[in-house]
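J.: So here's data_20.pdb, just PDB, C-alpha atoms, pLDDT in the B column:
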ATOM      1  CA  MET A  30       3.197  -5.642  -3.805  1.00 84.00           C
ATOM      2  CA  ARG A  31       5.026  -3.413  -1.375  1.00 83.00           C
ATOM      3  CA  LEU A  32       4.937  -6.091   1.321  1.00 85.00           C
ATOM      4  CA  SER A  33       6.405  -8.577  -1.133  1.00 82.00           C
ATOM      5  CA  SER A  34       9.092  -6.115  -2.098  1.00 79.00           C
ATOM      6  CA  VAL A  35      10.050  -5.339   1.487  1.00 80.00           C
ATOM      7  CA  THR A  36       9.830  -8.870   2.882  1.00 81.00           C
ATOM      8  CA  LYS A  37      10.951 -10.680  -0.304  1.00 76.00           C
ATOM      9  CA  ASP A  38       7.982 -13.000   0.274  1.00 80.00           C
ATOM     10  CA  ARG A  39       6.375 -13.814  -3.093  1.00 79.00           C
ATOM     11  CA  GLY A  40       3.304 -15.115  -1.278  1.00 82.00           C
ATOM     12  CA  PHE A  41       2.035 -11.542  -1.011  1.00 86.00           C
ATOM     13  CA  LEU A  42       1.818 -11.408  -4.828  1.00 86.00           C
ATOM     14  CA  GLU A  43      -0.373 -14.505  -5.157  1.00 87.00           C
ATOM     15  CA  PRO A  44      -3.795 -12.838  -4.485  1.00 91.00           C
ATOM     16  CA  ILE A  45      -3.154  -9.779  -6.654  1.00 90.00           C
ATOM     17  CA  PRO A  46      -4.633 -11.121  -9.933  1.00 90.00           C
ATOM     18  CA  ARG A  47      -7.895 -11.957  -8.096  1.00 90.00           C
ATOM     19  CA  ALA A  48      -7.875  -8.532  -6.413  1.00 90.00           C
ATOM     20  CA  LEU A  49      -7.394  -6.794  -9.768  1.00 90.00           C
ATOM     21  CA  ALA A  50     -10.261  -8.827 -11.254  1.00 90.00           C
ATOM     22  CA  TYR A  51     -12.476  -7.863  -8.293  1.00 91.00           C
ATOM     23  CA  LEU A  52     -11.607  -4.179  -8.722  1.00 91.00           C
ATOM     24  CA  ARG A  53     -12.386  -4.361 -12.453  1.00 91.00           C
ATOM     25  CA  ARG A  54     -15.824  -5.795 -11.618  1.00 90.00           C
ATOM     26  CA  SER A  55     -16.391  -3.101  -8.981  1.00 93.00           C
ATOM     27  CA  ILE A  56     -15.485  -0.023 -11.003  1.00 92.00           C
ATOM     28  CA  LEU A  57     -18.184   2.639 -11.356  1.00 91.00           C
ATOM     29  CA  ALA A  58     -19.345   4.051 -14.692  1.00 90.00           C
ATOM     30  CA  ASP A  59     -17.252   7.190 -14.057  1.00 89.00           C
ATOM     31  CA  GLY A  60     -14.075   5.112 -13.544  1.00 89.00           C
ATOM     32  CA  GLN A  61     -14.003   5.537  -9.774  1.00 90.00           C
ATOM     33  CA  LEU A  62     -14.454   3.044  -6.962  1.00 91.00           C
ATOM     34  CA  ALA A  63     -16.842   3.360  -4.061  1.00 91.00           C
ATOM     35  CA  TRP A  64     -15.287   3.223  -0.600  1.00 88.00           C
ATOM     36  CA  TYR A  65     -17.723   0.583   0.591  1.00 89.00           C
ATOM     37  CA  TYR A  66     -19.182  -2.519  -1.014  1.00 91.00           C
ATOM     38  CA  GLU A  67     -21.757  -4.815   0.519  1.00 92.00           C
ATOM     39  CA  LEU A  68     -20.452  -8.284   1.337  1.00 90.00           C
ATOM     40  CA  ARG A  69     -21.774 -11.106  -0.835  1.00 91.00           C
ATOM     41  CA  THR A  70     -23.663  -8.789  -3.250  1.00 93.00           C
ATOM     42  CA  ASN A  71     -20.858  -6.295  -3.980  1.00 92.00           C
ATOM     43  CA  ARG A  72     -23.483  -3.518  -4.130  1.00 93.00           C
ATOM     44  CA  ARG A  73     -21.955  -0.077  -3.761  1.00 92.00           C
ATOM     45  CA  GLN A  74     -22.725   1.598  -0.467  1.00 90.00           C
ATOM     46  CA  TYR A  75     -22.376   5.237   0.451  1.00 88.00           C
ATOM     47  CA  MET A  76     -22.814   7.436   3.460  1.00 85.00           C
ATOM     48  CA  GLU A  77     -25.190  10.374   3.182  1.00 83.00           C
ATOM     49  CA  ARG A  78     -25.481  13.144   5.699  1.00 81.00           C
ATOM     50  CA  THR A  79     -28.561  14.863   7.027  1.00 83.00           C
ATOM     51  CA  GLY A  80     -27.508  17.483   9.557  1.00 84.00           C
ATOM     52  CA  LYS A  81     -25.015  15.725  11.802  1.00 84.00           C
ATOM     53  CA  VAL A  82     -26.442  12.257  11.165  1.00 86.00           C
ATOM     54  CA  TYR A  83     -24.827   9.890   8.663  1.00 84.00           C
ATOM     55  CA  SER A  84     -26.735   6.965   7.217  1.00 85.00           C
ATOM     56  CA  LEU A  85     -25.916   4.135   4.852  1.00 86.00           C
ATOM     57  CA  THR A  86     -27.457   4.241   1.386  1.00 88.00           C
ATOM     58  CA  TYR A  87     -27.099   2.706  -2.059  1.00 90.00           C
ATOM     59  CA  ASP A  88     -27.755   6.104  -3.655  1.00 88.00           C
ATOM     60  CA  ASP A  89     -24.759   8.312  -4.471  1.00 87.00           C
ATOM     61  CA  SER A  90     -26.758  11.427  -5.337  1.00 84.00           C
ATOM     62  CA  ARG A  91     -26.497  13.079  -1.874  1.00 79.00           C
ATOM     63  CA  LEU A  92     -22.913  12.448  -0.803  1.00 79.00           C
ATOM     64  CA  PRO A  93     -21.375  14.858   1.722  1.00 77.00           C
ATOM     65  CA  GLY A  94     -19.192  17.510   0.105  1.00 71.00           C
ATOM     66  CA  HIS A  95     -16.263  16.975   2.474  1.00 70.00           C
ATOM     67  CA  SER A  96     -15.912  13.308   1.629  1.00 67.00           C
ATOM     68  CA  GLY A  97     -17.444  11.908  -1.523  1.00 62.00           C
ATOM     69  CA  ARG A  98     -16.992   8.266  -0.495  1.00 82.00           C
ATOM     70  CA  LYS A  99     -15.610   7.533  -3.935  1.00 85.00           C
ATOM     71  CA  THR A 100     -11.994   7.356  -4.970  1.00 86.00           C
ATOM     72  CA  LYS A 101      -9.962   7.351  -8.136  1.00 86.00           C
ATOM     73  CA  SER A 102      -9.485   3.678  -9.005  1.00 87.00           C
ATOM     74  CA  ARG A 103      -5.771   3.681  -9.957  1.00 86.00           C
ATOM     75  CA  LEU A 104      -6.529   0.253 -11.414  1.00 87.00           C
ATOM     76  CA  GLN A 105      -4.374   0.694 -14.520  1.00 87.00           C
ATOM     77  CA  GLU A 106      -1.463   1.870 -12.365  1.00 87.00           C
ATOM     78  CA  LEU A 107      -1.848  -1.132 -10.053  1.00 88.00           C
ATOM     79  CA  ALA A 108      -2.007  -3.563 -12.981  1.00 86.00           C
ATOM     80  CA  ARG A 109       1.061  -1.958 -14.582  1.00 84.00           C
ATOM     81  CA  LYS A 110       3.021  -2.166 -11.310  1.00 84.00           C
ATOM     82  CA  TYR A 111       2.006  -5.786 -10.845  1.00 84.00           C
ATOM     83  CA  SER A 112       3.144  -6.676 -14.376  1.00 81.00           C
ATOM     84  CA  ALA A 113       6.451  -4.893 -13.802  1.00 77.00           C
ATOM     85  CA  ARG A 114       6.897  -6.667 -10.468  1.00 76.00           C
ATOM     86  CA  MET A 115       6.250 -10.061 -12.041  1.00 75.00           C
ATOM     87  CA  SER A 116       8.758  -9.275 -14.810  1.00 64.00           C
ATOM     88  CA  GLN A 117      11.320  -8.351 -12.156  1.00 61.00           C
ATOM     89  CA  GLN A 118      10.612 -11.617 -10.333  1.00 56.00           C
ATOM     90  CA  LYS A 119      11.377 -13.602 -13.484  1.00 53.00           C
ATOM     91  CA  THR A 120      14.685 -11.854 -14.158  1.00 43.00           C
ATOM     92  CA  ALA A 121      15.819 -11.246 -10.586  1.00 41.00           C
ATOM     93  CA  VAL A 122      19.124 -12.689  -9.533  1.00 38.00           C
ATOM     94  CA  LYS A 123      18.814 -14.402  -6.202  1.00 41.00           C
ATOM     95  CA  THR A 124      20.873 -12.533  -3.629  1.00 40.00           C
ATOM     96  CA  SER A 125      21.825 -13.554  -0.154  1.00 51.00           C
ATOM     97  CA  THR A 126      19.391 -12.619   2.581  1.00 72.00           C
ATOM     98  CA  THR A 127      22.294 -12.457   5.007  1.00 84.00           C
ATOM     99  CA  PRO A 128      22.789  -8.808   5.971  1.00 87.00           C
ATOM    100  CA  THR A 129      26.341  -7.512   5.735  1.00 89.00           C
ATOM    101  CA  ALA A 130      28.096  -5.002   7.964  1.00 90.00           C
ATOM    102  CA  ALA A 131      27.598  -2.480   5.137  1.00 89.00           C
ATOM    103  CA  ASP A 132      23.837  -3.145   5.229  1.00 87.00           C
ATOM    104  CA  VAL A 133      23.836  -2.501   8.969  1.00 89.00           C
ATOM    105  CA  ARG A 134      25.828   0.728   8.543  1.00 91.00           C
ATOM    106  CA  ARG A 135      23.369   1.882   5.863  1.00 90.00           C
ATOM    107  CA  VAL A 136      20.362   1.159   8.107  1.00 90.00           C
ATOM    108  CA  ILE A 137      21.889   2.902  11.115  1.00 92.00           C
ATOM    109  CA  SER A 138      23.076   5.918   9.135  1.00 91.00           C
ATOM    110  CA  ALA A 139      19.528   6.378   7.802  1.00 91.00           C
ATOM    111  CA  LEU A 140      18.259   7.197  11.316  1.00 92.00           C
ATOM    112  CA  ASP A 141      17.479  10.851  11.930  1.00 92.00           C
ATOM    113  CA  ASP A 142      18.663  12.789  15.017  1.00 94.00           C
ATOM    114  CA  GLN A 143      15.678  11.437  16.969  1.00 95.00           C
ATOM    115  CA  GLY A 144      16.419   7.800  16.097  1.00 94.00           C
ATOM    116  CA  ARG A 145      13.674   7.449  13.450  1.00 93.00           C
ATOM    117  CA  TRP A 146      13.656   6.280   9.862  1.00 91.00           C
ATOM    118  CA  VAL A 147      11.775   9.109   8.172  1.00 89.00           C
ATOM    119  CA  SER A 148      10.400   8.596   4.668  1.00 84.00           C
ATOM    120  CA  THR A 149       9.285  11.173   2.126  1.00 81.00           C
ATOM    121  CA  PHE A 150       5.998  10.589   0.297  1.00 74.00           C
ATOM    122  CA  ASP A 151       6.633  10.297  -3.441  1.00 67.00           C
ATOM    123  CA  GLY A 152       3.056   9.720  -4.592  1.00 66.00           C
ATOM    124  CA  GLY A 153       3.552   5.955  -4.924  1.00 64.00           C
ATOM    125  CA  LEU A 154       1.221   3.291  -3.645  1.00 61.00           C
ATOM    126  CA  HIS A 155       1.330   2.488   0.041  1.00 61.00           C
ATOM    127  CA  VAL A 156      -0.599   0.229   2.330  1.00 58.00           C
ATOM    128  CA  GLY A 157      -3.654   2.261   3.324  1.00 60.00           C
ATOM    129  CA  GLN A 158      -3.188   4.507   0.260  1.00 58.00           C
ATOM    130  CA  LEU A 159      -1.590   7.520   1.879  1.00 62.00           C
ATOM    131  CA  ASN A 160      -3.270  10.744   0.883  1.00 70.00           C
ATOM    132  CA  LEU A 161      -0.406  13.139   1.543  1.00 73.00           C
ATOM    133  CA  PRO A 162       1.074  15.926  -0.518  1.00 78.00           C
ATOM    134  CA  ILE A 163       4.182  14.776  -2.384  1.00 74.00           C
ATOM    135  CA  GLY A 164       7.269  15.622  -0.348  1.00 79.00           C
ATOM    136  CA  THR A 165       5.573  15.123   3.044  1.00 84.00           C
ATOM    137  CA  LYS A 166       7.744  13.424   5.667  1.00 87.00           C
ATOM    138  CA  TYR A 167       6.205  10.430   7.451  1.00 85.00           C
ATOM    139  CA  LEU A 168       7.127   7.289   9.400  1.00 86.00           C
ATOM    140  CA  SER A 169       6.699   4.129   7.344  1.00 82.00           C
ATOM    141  CA  SER A 170       5.905   0.891   9.149  1.00 81.00           C
ATOM    142  CA  SER A 171       7.299  -1.107   6.208  1.00 78.00           C
ATOM    143  CA  VAL A 172      10.645   0.746   6.358  1.00 84.00           C
ATOM    144  CA  PHE A 173      10.724   0.240  10.123  1.00 88.00           C
ATOM    145  CA  SER A 174       9.944  -3.476   9.761  1.00 85.00           C
ATOM    146  CA  HIS A 175      12.523  -3.990   7.007  1.00 84.00           C
ATOM    147  CA  ASN A 176      15.275  -2.196   8.922  1.00 89.00           C
ATOM    148  CA  LEU A 177      14.576  -4.076  12.152  1.00 90.00           C
ATOM    149  CA  LYS A 178      14.674  -7.328  10.205  1.00 88.00           C
ATOM    150  CA  VAL A 179      18.099  -6.440   8.774  1.00 88.00           C
ATOM    151  CA  LEU A 180      19.452  -5.514  12.211  1.00 91.00           C
ATOM    152  CA  SER A 181      17.926  -8.569  13.908  1.00 91.00           C
ATOM    153  CA  LYS A 182      19.292 -11.016  11.332  1.00 90.00           C
ATOM    154  CA  TYR A 183      22.728  -9.460  11.565  1.00 91.00           C
ATOM    155  CA  VAL A 184      22.789  -9.618  15.389  1.00 92.00           C
ATOM    156  CA  GLN A 185      21.497 -13.192  15.333  1.00 89.00           C
ATOM    157  CA  GLN A 186      24.277 -14.266  12.966  1.00 88.00           C
ATOM    158  CA  HIS A 187      27.004 -12.565  15.028  1.00 87.00           C
ATOM    159  CA  LYS A 188      26.175 -13.542  18.581  1.00 82.00           C
TER     160      LYS A 188
END
Please express the file's structure as structure tokens.
T.:
Amino acid sequence: MRLSSVTKDRGFLEPIPRALAYLRRSILADGQLAWYYELRTNRRQYMERTGKVYSLTYDDSRLPGHSGRKTKSRLQELARKYSARMSQQKTAVKTSTTPTAADVRRVISALDDQGRWVSTFDGGLHVGQLNLPIGTKYLSSSVFSHNLKVLSKYVQQHK
């Protein structure tokens, strides 16, 4: 969804209903998701630790304490965001994809003193599901990509 939002490419939204259906089928009894699922069978897989040796298992009774190999599903949140995104798509007014000088000024003024676009984690969904405390500063590849696209399009149109 984020890729679609940043790139304005609706194609990134197309597989989401199937992904949500897959996640619904994969949810554990406690509402979590396992980190690993076996291809073709979708059996949950876990890593257990004996000393310093990790081994693959289907049993979740001996998971290492430092990393449970399960995660909160966030499935309802994802489904809600997808529904909201689809509603926005239906009511969105088509705007020009031609960057303006104001867009370029905004992108350039967002650079920090080291020439970076620094984002602040707000707890939202991100590619790779960032696990950072809210308020943490980080470099976002999607922000970088979007801003370079704006600058590149503008330069290309004004050469």
J.: Go through A:Ser181, A:Asn176, A:Ser169, A:Thr149 one by one, measure the shortest atom-to-atom distance of each to Val136 (chain A) using all atoms listed in the file, and give the residue with the smallest value.
T.: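 Distance minimum relative to Val136 (chain A) lands on A:Asn176.
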J.: Translate the PyMOL selection byres ((chain A and resi 78) around 12) into a concrete residue list for this structure, as a list in words.
T.: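 Listing what the PyMOL selection byres ((chain A and resi 78) around 12) selects in the shown file: Tyr75, Met76, Glu77, Thr79, Gly80, Lys81, Val82, Tyr83, Ser84, Leu85, Thr86, Asp88, Asp89, Ser90, Arg91, Leu92, Pro93, Gly94, His95, Ser96, Gly97 and Arg98 of chain A.
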J.: Deliver the residues from the most recent selection as a file, using C-alpha atoms, as a JSON list (two decimals), keeping the file's coordinate frame.
T.:
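Dumped to selection.json:
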[["chain", "number", "residue", "atom", "x", "y", "z"],
["A", 75, "TYR", "CA", -22.38, 5.24, 0.45],
["A", 76, "MET", "CA", -22.81, 7.44, 3.46],
["A", 77, "GLU", "CA", -25.19, 10.37, 3.18],
["A", 79, "THR", "CA", -28.56, 14.86, 7.03],
["A", 80, "GLY", "CA", -27.51, 17.48, 9.56],
["A", 81, "LYS", "CA", -25.02, 15.72, 11.80],
["A", 82, "VAL", "CA", -26.44, 12.26, 11.16],
["A", 83, "TYR", "CA", -24.83, 9.89, 8.66],
["A", 84, "SER", "CA", -26.74, 6.96, 7.22],
["A", 85, "LEU", "CA", -25.92, 4.14, 4.85],
["A", 86, "THR", "CA", -27.46, 4.24, 1.39],
["A", 88, "ASP", "CA", -27.76, 6.10, -3.66],
["A", 89, "ASP", "CA", -24.76, 8.31, -4.47],
["A", 90, "SER", "CA", -26.76, 11.43, -5.34],
["A", 91, "ARG", "CA", -26.50, 13.08, -1.87],
["A", 92, "LEU", "CA", -22.91, 12.45, -0.80],
["A", 93, "PRO", "CA", -21.38, 14.86, 1.72],
["A", 94, "GLY", "CA", -19.19, 17.51, 0.10],
["A", 95, "HIS", "CA", -16.26, 16.98, 2.47],
["A", 96, "SER", "CA", -15.91, 13.31, 1.63],
["A", 97, "GLY", "CA", -17.44, 11.91, -1.52],
["A", 98, "ARG", "CA", -16.99, 8.27, -0.50]]
J.: Neighbours of Leu62 (chain A) within 10 Å (only C-alpha atoms; same-chain residues fewer than 6 positions away dropped), as a list in words?
T.: Leu52, Arg53, Ser55, Ile56, Arg73, Arg98, Lys99, Thr100, Lys101, Ser102, Arg103 and Leu104 of chain A
J.: Quick one: pull the distance between CA of Tyr167 (chain A) and CA of Val133 (chain A), Å, one decimal.
T.: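 Atom-to-atom, CA of Tyr167 (chain A) and CA of Val133 (chain A) are spaced 21.9 Å apart.
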J.: For the file shown, what are the residues hit by the PyMOL selection byres ((chain A and resi 127) around 10), laid out as a ChimeraX atom specification?
T.: /A:124-126,128-130,132,179,182-183,186
J.: What is the CA of Ser174 (chain A) to CA of Thr36 (chain A) distance in Å?
T.: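 For CA of Ser174 (chain A) relative to CA of Thr36 (chain A), the distance reads 8.7 Å.
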J.: Applied to this file, what does the PyMOL selection byres ((chain A and resi 71) around 12) return in terms of residues, put as number ranges by chain?
T.: A: 51-52, 54-57, 62-70, 72-74, 87
J.: State, in Å with one decimal place, the distance from CA of Gln185 (chain A) to CA of Leu32 (chain A).
T.: 22.8 Å
J.: Which residues come within 10 Å of Arg39 (chain A), counting only C-alpha atoms, excluding same-chain residues fewer than 4 positions away, as a VMD selection string?
T.: chain A and resid 30 32 to 34 43 115 118
J.: Tell me which of A:Gln105, A:Lys188, A:Ala113, A:Arg47 sits closest to Gly60 (chain A), counting only C-alpha atoms.
T.: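 Ranking A:Gln105, A:Lys188, A:Ala113, A:Arg47 by distance to Gly60 (chain A), first place goes to A:Gln105.
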J.: As JSON, please report the centre and edge lengths, rounded to one decimal in Å, of the axis-aligned box that holds all listed atoms of region 104-108 of chain A with 3 Å of padding on each of the six sides.
T.:
{"center_x": -4.0, "center_y": -0.8, "center_z": -12.3, "size_x": 11.1, "size_y": 11.4, "size_z": 10.5}
J.: Rank nothing, just name the residue among A:Gly40, A:Pro46, A:Gly144, A:Gly164 nearest to Ala108 (chain A), using all atoms listed in the file.
T.: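 Among the listed residues, the smallest separation from Ala108 (chain A) belongs to A:Pro46.
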J.: Between A:Ala48, A:Gln61, A:Leu180, A:Val35, single out the one closest to Ile137 (chain A), counting only C-alpha atoms.
T.: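 Closest to Ile137 (chain A) of all the choices is A:Leu180.
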J.: Extract, using all atoms listed in the file, all DNA, RNA and protein residues at most 8 Å from Trp146 (chain A), discarding same-chain residues fewer than 5 positions from it, and format them as JSON, numbers by chain.
T.: {"A": [139, 140, 141, 168, 169, 172, 173]}
